[in-house]
$ cat work-v7.cif   # mmCIF, N, CA and C atoms
data_protein
loop_
_atom_site.label_atom_id
_atom_site.label_comp_id
_atom_site.auth_asym_id
_atom_site.auth_seq_id
_atom_site.Cartn_x
_atom_site.Cartn_y
_atom_site.Cartn_z
N GLU C 1 -3.51 22.54 2.74
CA GLU C 1 -3.32 23.47 3.84
C GLU C 1 -3.87 22.89 5.15
N ASN C 2 -5.04 22.26 5.10
CA ASN C 2 -5.64 21.66 6.29
C ASN C 2 -4.77 20.55 6.87
N VAL C 3 -4.11 19.78 6.00
CA VAL C 3 -3.25 18.70 6.46
C VAL C 3 -2.09 19.25 7.28
N ASN C 4 -1.47 20.34 6.80
CA ASN C 4 -0.37 20.95 7.54
C ASN C 4 -0.83 21.50 8.87
N GLN C 5 -2.03 22.11 8.88
CA GLN C 5 -2.57 22.66 10.12
C GLN C 5 -2.81 21.54 11.13
N LYS C 6 -3.37 20.42 10.69
CA LYS C 6 -3.61 19.28 11.57
C LYS C 6 -2.30 18.73 12.12
N ALA C 7 -1.28 18.65 11.27
CA ALA C 7 0.03 18.15 11.70
C ALA C 7 0.61 19.07 12.77
N ASP C 8 0.46 20.39 12.60
CA ASP C 8 0.94 21.34 13.60
C ASP C 8 0.21 21.15 14.92
N GLU C 9 -1.12 20.94 14.86
CA GLU C 9 -1.90 20.76 16.09
C GLU C 9 -1.46 19.49 16.82
N ILE C 10 -1.18 18.42 16.09
CA ILE C 10 -0.75 17.16 16.70
C ILE C 10 0.62 17.33 17.34
N ASN C 11 1.49 18.11 16.71
CA ASN C 11 2.85 18.29 17.22
C ASN C 11 2.92 19.26 18.40
N ASN C 12 1.88 20.06 18.63
CA ASN C 12 1.88 20.97 19.78
C ASN C 12 1.66 20.18 21.05
N VAL C 13 2.71 20.06 21.85
CA VAL C 13 2.65 19.36 23.13
C VAL C 13 3.11 20.35 24.19
N SER C 14 2.35 20.44 25.26
CA SER C 14 2.67 21.38 26.32
C SER C 14 4.06 21.08 26.88
N PHE C 15 4.89 22.11 26.98
CA PHE C 15 6.23 21.92 27.53
C PHE C 15 6.18 21.77 29.05
N LEU C 16 5.07 22.12 29.68
CA LEU C 16 4.94 21.98 31.13
C LEU C 16 4.35 20.64 31.53
N THR C 17 3.32 20.18 30.79
CA THR C 17 2.61 18.98 31.20
C THR C 17 2.88 17.79 30.31
N GLY C 18 3.41 18.02 29.08
CA GLY C 18 3.63 16.93 28.14
C GLY C 18 2.38 16.47 27.44
N LYS C 19 1.27 17.17 27.68
CA LYS C 19 0.00 16.78 27.07
C LYS C 19 -0.16 17.50 25.73
N PRO C 20 -0.91 16.88 24.80
CA PRO C 20 -1.12 17.52 23.50
C PRO C 20 -1.96 18.77 23.63
N GLY C 21 -1.78 19.67 22.67
CA GLY C 21 -2.55 20.91 22.64
C GLY C 21 -1.73 22.08 23.13
N GLY C 22 -2.35 23.21 23.14
CA GLY C 22 -1.67 24.41 23.62
C GLY C 22 -0.89 25.09 22.51
N ILE C 23 0.09 25.87 22.91
CA ILE C 23 0.89 26.63 21.96
C ILE C 23 2.35 26.27 22.14
N LYS C 24 3.13 26.63 21.17
CA LYS C 24 4.56 26.37 21.24
C LYS C 24 5.23 27.45 22.10
N LEU C 25 6.23 27.05 22.88
CA LEU C 25 6.98 27.99 23.69
C LEU C 25 7.59 29.07 22.81
N SER C 26 8.07 28.68 21.65
CA SER C 26 8.67 29.66 20.74
C SER C 26 7.66 30.72 20.30
N ASP C 27 6.37 30.32 20.19
CA ASP C 27 5.34 31.29 19.81
C ASP C 27 5.07 32.29 20.94
N VAL C 28 5.17 31.83 22.19
CA VAL C 28 4.96 32.72 23.33
C VAL C 28 6.09 33.74 23.42
N LEU C 29 7.32 33.27 23.19
CA LEU C 29 8.48 34.14 23.34
C LEU C 29 8.71 35.04 22.14
N LYS C 30 8.09 34.72 21.02
CA LYS C 30 8.26 35.50 19.79
C LYS C 30 7.65 36.88 19.97
N LYS C 31 8.38 37.89 19.62
CA LYS C 31 7.87 39.26 19.72
C LYS C 31 7.22 39.63 18.40
N ASP C 32 5.90 39.70 18.43
CA ASP C 32 5.12 40.03 17.25
C ASP C 32 4.33 41.28 17.57
N PRO C 33 4.68 42.42 16.96
CA PRO C 33 4.01 43.67 17.30
C PRO C 33 2.51 43.65 17.04
N SER C 34 2.05 42.85 16.09
CA SER C 34 0.62 42.82 15.79
C SER C 34 -0.14 42.01 16.84
N ASN C 35 0.57 41.15 17.58
CA ASN C 35 -0.06 40.26 18.54
C ASN C 35 -0.19 40.91 19.93
N ASN C 36 0.71 41.82 20.28
CA ASN C 36 0.76 42.47 21.59
C ASN C 36 0.97 41.48 22.74
N GLY C 37 1.48 40.30 22.47
CA GLY C 37 1.82 39.36 23.52
C GLY C 37 0.63 38.65 24.11
N LEU C 38 0.74 38.31 25.38
CA LEU C 38 -0.28 37.54 26.07
C LEU C 38 -1.54 38.36 26.30
N PRO C 39 -2.70 37.72 26.32
CA PRO C 39 -3.94 38.43 26.62
C PRO C 39 -4.12 38.67 28.12
N ILE C 40 -3.11 38.26 28.90
CA ILE C 40 -3.13 38.42 30.35
C ILE C 40 -1.84 39.12 30.79
N ASN C 41 -1.80 39.56 32.02
CA ASN C 41 -0.62 40.22 32.55
C ASN C 41 0.52 39.22 32.69
N ALA C 42 1.62 39.46 31.98
CA ALA C 42 2.75 38.53 31.96
C ALA C 42 3.40 38.39 33.33
N LEU C 43 3.46 39.48 34.10
CA LEU C 43 4.06 39.40 35.44
C LEU C 43 3.20 38.55 36.38
N LEU C 44 1.89 38.74 36.33
CA LEU C 44 1.00 37.91 37.15
C LEU C 44 1.07 36.45 36.73
N TRP C 45 1.16 36.22 35.42
CA TRP C 45 1.24 34.85 34.91
C TRP C 45 2.50 34.16 35.41
N ARG C 46 3.64 34.84 35.27
CA ARG C 46 4.92 34.27 35.73
C ARG C 46 4.88 34.04 37.24
N ALA C 47 4.32 35.00 37.98
CA ALA C 47 4.22 34.88 39.44
C ALA C 47 3.32 33.70 39.82
N ALA C 48 2.21 33.52 39.11
CA ALA C 48 1.30 32.42 39.40
C ALA C 48 2.00 31.08 39.17
N LEU C 49 2.77 30.99 38.09
CA LEU C 49 3.54 29.76 37.83
C LEU C 49 4.56 29.52 38.93
N ASP C 50 5.23 30.59 39.38
CA ASP C 50 6.22 30.46 40.46
C ASP C 50 5.57 29.95 41.74
N ILE C 51 4.43 30.55 42.11
CA ILE C 51 3.76 30.19 43.36
C ILE C 51 3.21 28.76 43.28
N ALA C 52 2.70 28.37 42.12
CA ALA C 52 2.13 27.03 41.96
C ALA C 52 3.19 25.95 41.79
N SER C 53 4.45 26.33 41.68
CA SER C 53 5.50 25.37 41.35
C SER C 53 5.74 24.32 42.43
N PHE C 54 5.22 24.51 43.64
CA PHE C 54 5.41 23.50 44.68
C PHE C 54 4.49 22.30 44.47
N VAL C 55 3.52 22.42 43.57
CA VAL C 55 2.57 21.35 43.27
C VAL C 55 2.74 20.96 41.80
N PRO C 56 2.74 19.66 41.47
CA PRO C 56 2.83 19.28 40.05
C PRO C 56 1.67 19.87 39.26
N LEU C 57 1.98 20.39 38.07
CA LEU C 57 0.95 21.02 37.24
C LEU C 57 0.23 19.97 36.41
N ASP C 58 -1.09 20.14 36.28
CA ASP C 58 -1.90 19.23 35.49
C ASP C 58 -2.24 19.85 34.14
N ASP C 59 -2.69 21.11 34.14
CA ASP C 59 -3.10 21.76 32.91
C ASP C 59 -2.76 23.24 32.98
N VAL C 60 -2.14 23.74 31.93
CA VAL C 60 -1.77 25.15 31.87
C VAL C 60 -2.27 25.72 30.55
N ASP C 61 -3.07 26.77 30.63
CA ASP C 61 -3.61 27.42 29.44
C ASP C 61 -3.19 28.88 29.47
N THR C 62 -2.11 29.19 28.77
CA THR C 62 -1.55 30.53 28.79
C THR C 62 -2.55 31.58 28.31
N PHE C 63 -3.21 31.31 27.20
CA PHE C 63 -4.09 32.32 26.63
C PHE C 63 -5.43 32.40 27.35
N GLY C 64 -5.83 31.32 28.01
CA GLY C 64 -7.03 31.36 28.84
C GLY C 64 -6.72 31.86 30.24
N GLY C 65 -5.44 31.88 30.59
CA GLY C 65 -5.02 32.39 31.89
C GLY C 65 -5.31 31.45 33.04
N SER C 66 -5.31 30.14 32.79
CA SER C 66 -5.63 29.21 33.88
C SER C 66 -4.51 28.20 34.12
N ILE C 67 -4.34 27.88 35.39
CA ILE C 67 -3.38 26.88 35.83
C ILE C 67 -4.15 25.92 36.74
N VAL C 68 -4.06 24.64 36.47
CA VAL C 68 -4.69 23.62 37.32
C VAL C 68 -3.58 22.67 37.75
N THR C 69 -3.51 22.42 39.04
CA THR C 69 -2.48 21.51 39.55
C THR C 69 -3.07 20.12 39.75
N GLU C 70 -2.17 19.16 39.93
CA GLU C 70 -2.59 17.83 40.35
C GLU C 70 -2.85 17.88 41.86
N TRP C 71 -3.39 16.80 42.39
CA TRP C 71 -3.56 16.73 43.84
C TRP C 71 -2.19 16.63 44.50
N HIS C 72 -2.01 17.38 45.58
CA HIS C 72 -0.74 17.41 46.32
C HIS C 72 -1.02 17.06 47.77
N GLN C 73 -0.25 16.13 48.29
CA GLN C 73 -0.41 15.70 49.67
C GLN C 73 0.81 16.14 50.47
N PRO C 74 0.67 17.22 51.25
CA PRO C 74 1.82 17.67 52.06
C PRO C 74 2.22 16.62 53.10
N LYS C 75 3.52 16.52 53.34
CA LYS C 75 4.02 15.55 54.33
C LYS C 75 3.45 15.83 55.72
N ALA C 76 3.23 17.11 56.03
CA ALA C 76 2.74 17.49 57.36
C ALA C 76 1.30 17.05 57.60
N THR C 77 0.53 16.85 56.53
CA THR C 77 -0.87 16.44 56.69
C THR C 77 -1.16 15.25 55.76
N PRO C 78 -0.76 14.04 56.18
CA PRO C 78 -0.89 12.87 55.30
C PRO C 78 -2.33 12.47 54.99
N ASP C 79 -3.31 12.93 55.79
CA ASP C 79 -4.70 12.57 55.54
C ASP C 79 -5.46 13.69 54.83
N GLN C 80 -4.74 14.63 54.26
CA GLN C 80 -5.37 15.73 53.54
C GLN C 80 -4.56 16.03 52.29
N ARG C 81 -5.26 16.38 51.22
CA ARG C 81 -4.55 16.78 50.00
C ARG C 81 -5.20 18.00 49.39
N LEU C 82 -4.46 18.64 48.50
CA LEU C 82 -4.79 19.97 47.99
C LEU C 82 -4.67 19.99 46.47
N LYS C 83 -5.58 20.72 45.84
CA LYS C 83 -5.52 20.96 44.40
C LYS C 83 -5.82 22.43 44.19
N LEU C 84 -5.03 23.08 43.31
CA LEU C 84 -5.21 24.51 43.06
C LEU C 84 -5.70 24.76 41.64
N THR C 85 -6.56 25.77 41.51
CA THR C 85 -6.84 26.34 40.20
C THR C 85 -6.56 27.83 40.33
N ILE C 86 -5.78 28.34 39.39
CA ILE C 86 -5.39 29.74 39.41
C ILE C 86 -5.86 30.37 38.11
N PHE C 87 -6.53 31.51 38.23
CA PHE C 87 -7.00 32.23 37.06
C PHE C 87 -6.37 33.61 37.04
N VAL C 88 -5.71 33.94 35.93
CA VAL C 88 -5.16 35.29 35.73
C VAL C 88 -6.04 35.93 34.66
N ILE C 89 -6.62 37.08 35.01
CA ILE C 89 -7.59 37.73 34.13
C ILE C 89 -7.11 39.15 33.84
N GLY C 90 -7.07 39.52 32.59
CA GLY C 90 -6.75 40.90 32.22
C GLY C 90 -5.26 41.16 32.10
N ARG C 91 -4.96 42.35 31.60
CA ARG C 91 -3.58 42.71 31.31
C ARG C 91 -2.92 43.56 32.40
N GLU C 92 -3.68 44.04 33.37
CA GLU C 92 -3.11 44.94 34.37
C GLU C 92 -2.73 44.19 35.64
N LEU C 93 -1.70 44.70 36.31
CA LEU C 93 -1.25 44.11 37.58
C LEU C 93 -2.13 44.69 38.69
N ARG C 94 -3.23 44.00 38.95
CA ARG C 94 -4.20 44.45 39.96
C ARG C 94 -4.63 43.26 40.80
N SER C 95 -5.09 43.53 42.01
CA SER C 95 -5.48 42.44 42.91
C SER C 95 -6.66 41.64 42.39
N ASP C 96 -7.55 42.27 41.62
CA ASP C 96 -8.70 41.52 41.11
C ASP C 96 -8.39 40.79 39.80
N ALA C 97 -7.13 40.79 39.39
CA ALA C 97 -6.73 40.12 38.15
C ALA C 97 -6.23 38.70 38.39
N VAL C 98 -6.25 38.24 39.64
CA VAL C 98 -5.83 36.86 39.94
C VAL C 98 -6.79 36.27 40.97
N THR C 99 -7.19 35.02 40.71
CA THR C 99 -8.05 34.28 41.63
C THR C 99 -7.44 32.90 41.84
N VAL C 100 -7.33 32.50 43.10
CA VAL C 100 -6.81 31.18 43.42
C VAL C 100 -7.90 30.43 44.19
N ARG C 101 -8.19 29.24 43.72
CA ARG C 101 -9.13 28.37 44.42
C ARG C 101 -8.36 27.15 44.91
N ALA C 102 -8.45 26.92 46.22
CA ALA C 102 -7.76 25.79 46.85
C ALA C 102 -8.80 24.75 47.26
N TYR C 103 -8.77 23.61 46.60
CA TYR C 103 -9.71 22.52 46.90
C TYR C 103 -9.04 21.53 47.84
N ILE C 104 -9.80 21.06 48.81
CA ILE C 104 -9.27 20.17 49.83
C ILE C 104 -10.03 18.84 49.79
N GLN C 105 -9.29 17.74 49.95
CA GLN C 105 -9.89 16.42 50.17
C GLN C 105 -9.26 15.83 51.42
N ASN C 106 -10.08 15.11 52.19
CA ASN C 106 -9.61 14.41 53.38
C ASN C 106 -9.74 12.91 53.16
N ARG C 107 -8.79 12.17 53.73
CA ARG C 107 -8.82 10.71 53.61
C ARG C 107 -9.80 10.15 54.64
N LEU C 108 -10.70 9.31 54.14
CA LEU C 108 -11.64 8.61 55.00
C LEU C 108 -11.45 7.13 54.72
N GLY C 109 -10.67 6.46 55.57
CA GLY C 109 -10.31 5.06 55.32
C GLY C 109 -9.35 5.02 54.13
N THR C 110 -9.78 4.38 53.04
CA THR C 110 -8.94 4.30 51.84
C THR C 110 -9.42 5.25 50.74
N GLU C 111 -10.48 6.01 51.01
CA GLU C 111 -11.07 6.91 50.02
C GLU C 111 -10.73 8.37 50.32
N TRP C 112 -10.68 9.18 49.26
CA TRP C 112 -10.53 10.62 49.40
C TRP C 112 -11.91 11.25 49.25
N VAL C 113 -12.27 12.13 50.19
CA VAL C 113 -13.58 12.76 50.21
C VAL C 113 -13.42 14.27 50.07
N ASP C 114 -14.19 14.86 49.15
CA ASP C 114 -14.14 16.31 48.95
C ASP C 114 -14.56 17.03 50.23
N SER C 115 -13.79 18.07 50.58
CA SER C 115 -14.10 18.87 51.76
C SER C 115 -14.39 20.32 51.37
N GLY C 116 -14.49 20.59 50.08
CA GLY C 116 -14.80 21.95 49.64
C GLY C 116 -13.54 22.77 49.42
N ARG C 117 -13.75 24.08 49.42
CA ARG C 117 -12.63 25.00 49.17
C ARG C 117 -12.14 25.62 50.47
N ASP C 118 -10.83 25.88 50.51
CA ASP C 118 -10.23 26.61 51.62
C ASP C 118 -10.07 28.06 51.17
N GLU C 119 -11.06 28.88 51.51
CA GLU C 119 -11.08 30.29 51.05
C GLU C 119 -9.88 31.07 51.59
N ALA C 120 -9.52 30.84 52.86
CA ALA C 120 -8.41 31.58 53.47
C ALA C 120 -7.10 31.25 52.76
N LEU C 121 -6.88 29.97 52.47
CA LEU C 121 -5.66 29.59 51.75
C LEU C 121 -5.65 30.19 50.36
N GLY C 122 -6.79 30.20 49.69
CA GLY C 122 -6.89 30.81 48.36
C GLY C 122 -6.48 32.28 48.39
N ARG C 123 -6.97 33.02 49.39
CA ARG C 123 -6.61 34.44 49.52
C ARG C 123 -5.13 34.63 49.81
N LYS C 124 -4.57 33.76 50.68
CA LYS C 124 -3.14 33.85 50.99
C LYS C 124 -2.30 33.62 49.73
N LEU C 125 -2.70 32.64 48.93
CA LEU C 125 -1.96 32.36 47.70
C LEU C 125 -2.12 33.50 46.69
N GLU C 126 -3.30 34.11 46.63
CA GLU C 126 -3.49 35.29 45.76
C GLU C 126 -2.52 36.39 46.17
N ASP C 127 -2.41 36.63 47.48
CA ASP C 127 -1.48 37.65 47.99
C ASP C 127 -0.04 37.31 47.62
N LEU C 128 0.32 36.02 47.71
CA LEU C 128 1.68 35.61 47.34
C LEU C 128 1.94 35.84 45.85
N VAL C 129 0.95 35.55 45.01
CA VAL C 129 1.10 35.79 43.56
C VAL C 129 1.30 37.27 43.31
N LEU C 130 0.49 38.12 43.94
CA LEU C 130 0.62 39.57 43.75
C LEU C 130 1.98 40.08 44.24
N THR C 131 2.42 39.59 45.39
CA THR C 131 3.73 39.99 45.92
C THR C 131 4.84 39.58 44.97
N ARG C 132 4.76 38.36 44.47
CA ARG C 132 5.78 37.86 43.53
C ARG C 132 5.77 38.67 42.24
N ALA C 133 4.58 39.02 41.75
CA ALA C 133 4.49 39.82 40.52
C ALA C 133 5.13 41.20 40.72
N ARG C 134 4.91 41.78 41.89
CA ARG C 134 5.53 43.09 42.18
C ARG C 134 7.05 42.96 42.26
N GLU C 135 7.54 41.84 42.84
CA GLU C 135 8.99 41.60 42.88
C GLU C 135 9.56 41.49 41.48
N LEU C 136 8.86 40.76 40.60
CA LEU C 136 9.30 40.60 39.22
C LEU C 136 9.32 41.94 38.50
N ARG C 137 8.28 42.76 38.74
CA ARG C 137 8.22 44.10 38.13
C ARG C 137 9.38 44.96 38.62
N ALA C 138 9.65 44.91 39.93
CA ALA C 138 10.75 45.70 40.49
C ALA C 138 12.09 45.26 39.92
N ALA C 139 12.28 43.95 39.77
CA ALA C 139 13.52 43.44 39.21
C ALA C 139 13.67 43.86 37.74
N ALA C 140 12.59 43.83 37.00
CA ALA C 140 12.63 44.24 35.58
C ALA C 140 12.92 45.73 35.47
N THR C 141 12.32 46.52 36.37
CA THR C 141 12.57 47.97 36.36
C THR C 141 14.02 48.27 36.71
N ALA C 142 14.56 47.56 37.71
CA ALA C 142 15.95 47.77 38.12
C ALA C 142 16.91 47.42 36.98
N GLU C 143 16.57 46.38 36.21
CA GLU C 143 17.44 45.99 35.08
C GLU C 143 17.45 47.05 34.00
N THR C 144 16.32 47.69 33.75
CA THR C 144 16.26 48.69 32.68
C THR C 144 16.92 50.00 33.10
N VAL C 145 16.96 50.26 34.42
CA VAL C 145 17.58 51.49 34.91
C VAL C 145 19.09 51.39 34.87
N ASN C 146 19.62 50.21 35.20
CA ASN C 146 21.08 50.03 35.28
C ASN C 146 21.73 49.96 33.94
#

$ encode --input "work-v7.cif" --output "structure tokens"
Amino acid sequence: ENVNQKADEINNVSFLTGKPGGIKLSDVLKKDPSNNGLPINALLWRAALDIASFVPLDDVDTFGGSIVTEWHQPKATPDQRLKLTIFVIGRELRSDAVTVRAYIQNRLGTEWVDSGRDEALGRKLEDLVLTRARELRAAATAETVN
């Protein structure tokens, strides 16, 4: 039994990052009444993935509710780059159920130097995630009514 379990763990590769570990997409989509789905709000999770999609993803933990991006260098600011960590907490669609941390680095010669977090950008991205989650909820509601 342990051998089969180990084989399953080795075969689990993230469909988003290609890295080993995580869960199978089929397990997430499977409707299991005893499981009650994700331990986090599915609309916030989907919205967080949508908002973070402009940056390549580094690590995604569905059951932990965390998304970590790779460093992203916008064309408009070639001497600055950005990395996001997004945390979705809880099952309810509430403003305190999502936290976005935006880390900034500035180029100093040929080196990248940490500049701390951009709190204002983090809050703006949290608002975008919440807005997107509400849009997803409205679209789902409209589908069930029609």

$ resolve_selection --input "work-v7.cif" --expression "the PyMOL selection byres (((chain C and resi 122-125 and name CA) around 8) and name CA)" --output "PyMOL selection string"
chain C and resi 51+99-102+118-121+126-129

$ resolve_selection --input "work-v7.cif" --expression "the PyMOL selection byres (((chain C and resi 113 and name CA) around 12) and name CA)" --output "list of chain:residue names"
C:Asp79, C:Gln80, C:Arg81, C:Leu82, C:Tyr103, C:Ile104, C:Gln105, C:Asn106, C:Arg107, C:Leu108, C:Gly109, C:Thr110, C:Glu111, C:Trp112, C:Asp114, C:Ser115, C:Gly116

$ atom_distance --input "work-v7.cif" --atom1 "CA of Asp96 (chain C)" --atom2 "atom N of Ala47 (chain C)"
14.9 Å

$ atom_distance --input "work-v7.cif" --atom1 "atom C of Gly64 (chain C)" --atom2 "atom N of Val88 (chain C)"
6.1 Å

$ closest_residue --input "work-v7.cif" --among "C:Leu136, C:Leu130, C:Leu57, C:Ala142" --to "Arg94 (chain C)" --atoms "only N, CA and C atoms"
C:Leu130

$ atom_distance --input "work-v7.cif" --atom1 "CA of Leu44 (chain C)" --atom2 "atom C of Glu135 (chain C)"
10.2 Å

$ residues_around --input "work-v7.cif" --residues "Ile89 (chain C)" --least-positions-apart "5" --cutoff "6.5 Å" --atoms "only N, CA and C atoms" --output "CSV table (one decimal) with N, CA and C atoms, in the frame of the given file"
chain,number,residue,atom,x,y,z
C,39,PRO,N,-2.7,37.7,26.3
C,39,PRO,CA,-3.9,38.4,26.6
C,39,PRO,C,-4.1,38.7,28.1
C,40,ILE,N,-3.1,38.3,28.9
C,40,ILE,CA,-3.1,38.4,30.4
C,40,ILE,C,-1.8,39.1,30.8
C,41,ASN,N,-1.8,39.6,32.0
C,41,ASN,CA,-0.6,40.2,32.6
C,41,ASN,C,0.5,39.2,32.7
C,65,GLY,N,-5.4,31.9,30.6
C,65,GLY,CA,-5.0,32.4,31.9
C,65,GLY,C,-5.3,31.4,33.0
C,96,ASP,N,-7.6,42.3,41.6
C,96,ASP,CA,-8.7,41.5,41.1
C,96,ASP,C,-8.4,40.8,39.8
C,97,ALA,N,-7.1,40.8,39.4
C,97,ALA,CA,-6.7,40.1,38.2
C,97,ALA,C,-6.2,38.7,38.4
C,98,VAL,N,-6.2,38.2,39.6
C,98,VAL,CA,-5.8,36.9,39.9
C,98,VAL,C,-6.8,36.3,41.0
C,99,THR,N,-7.2,35.0,40.7
C,99,THR,CA,-8.0,34.3,41.6
C,99,THR,C,-7.4,32.9,41.8
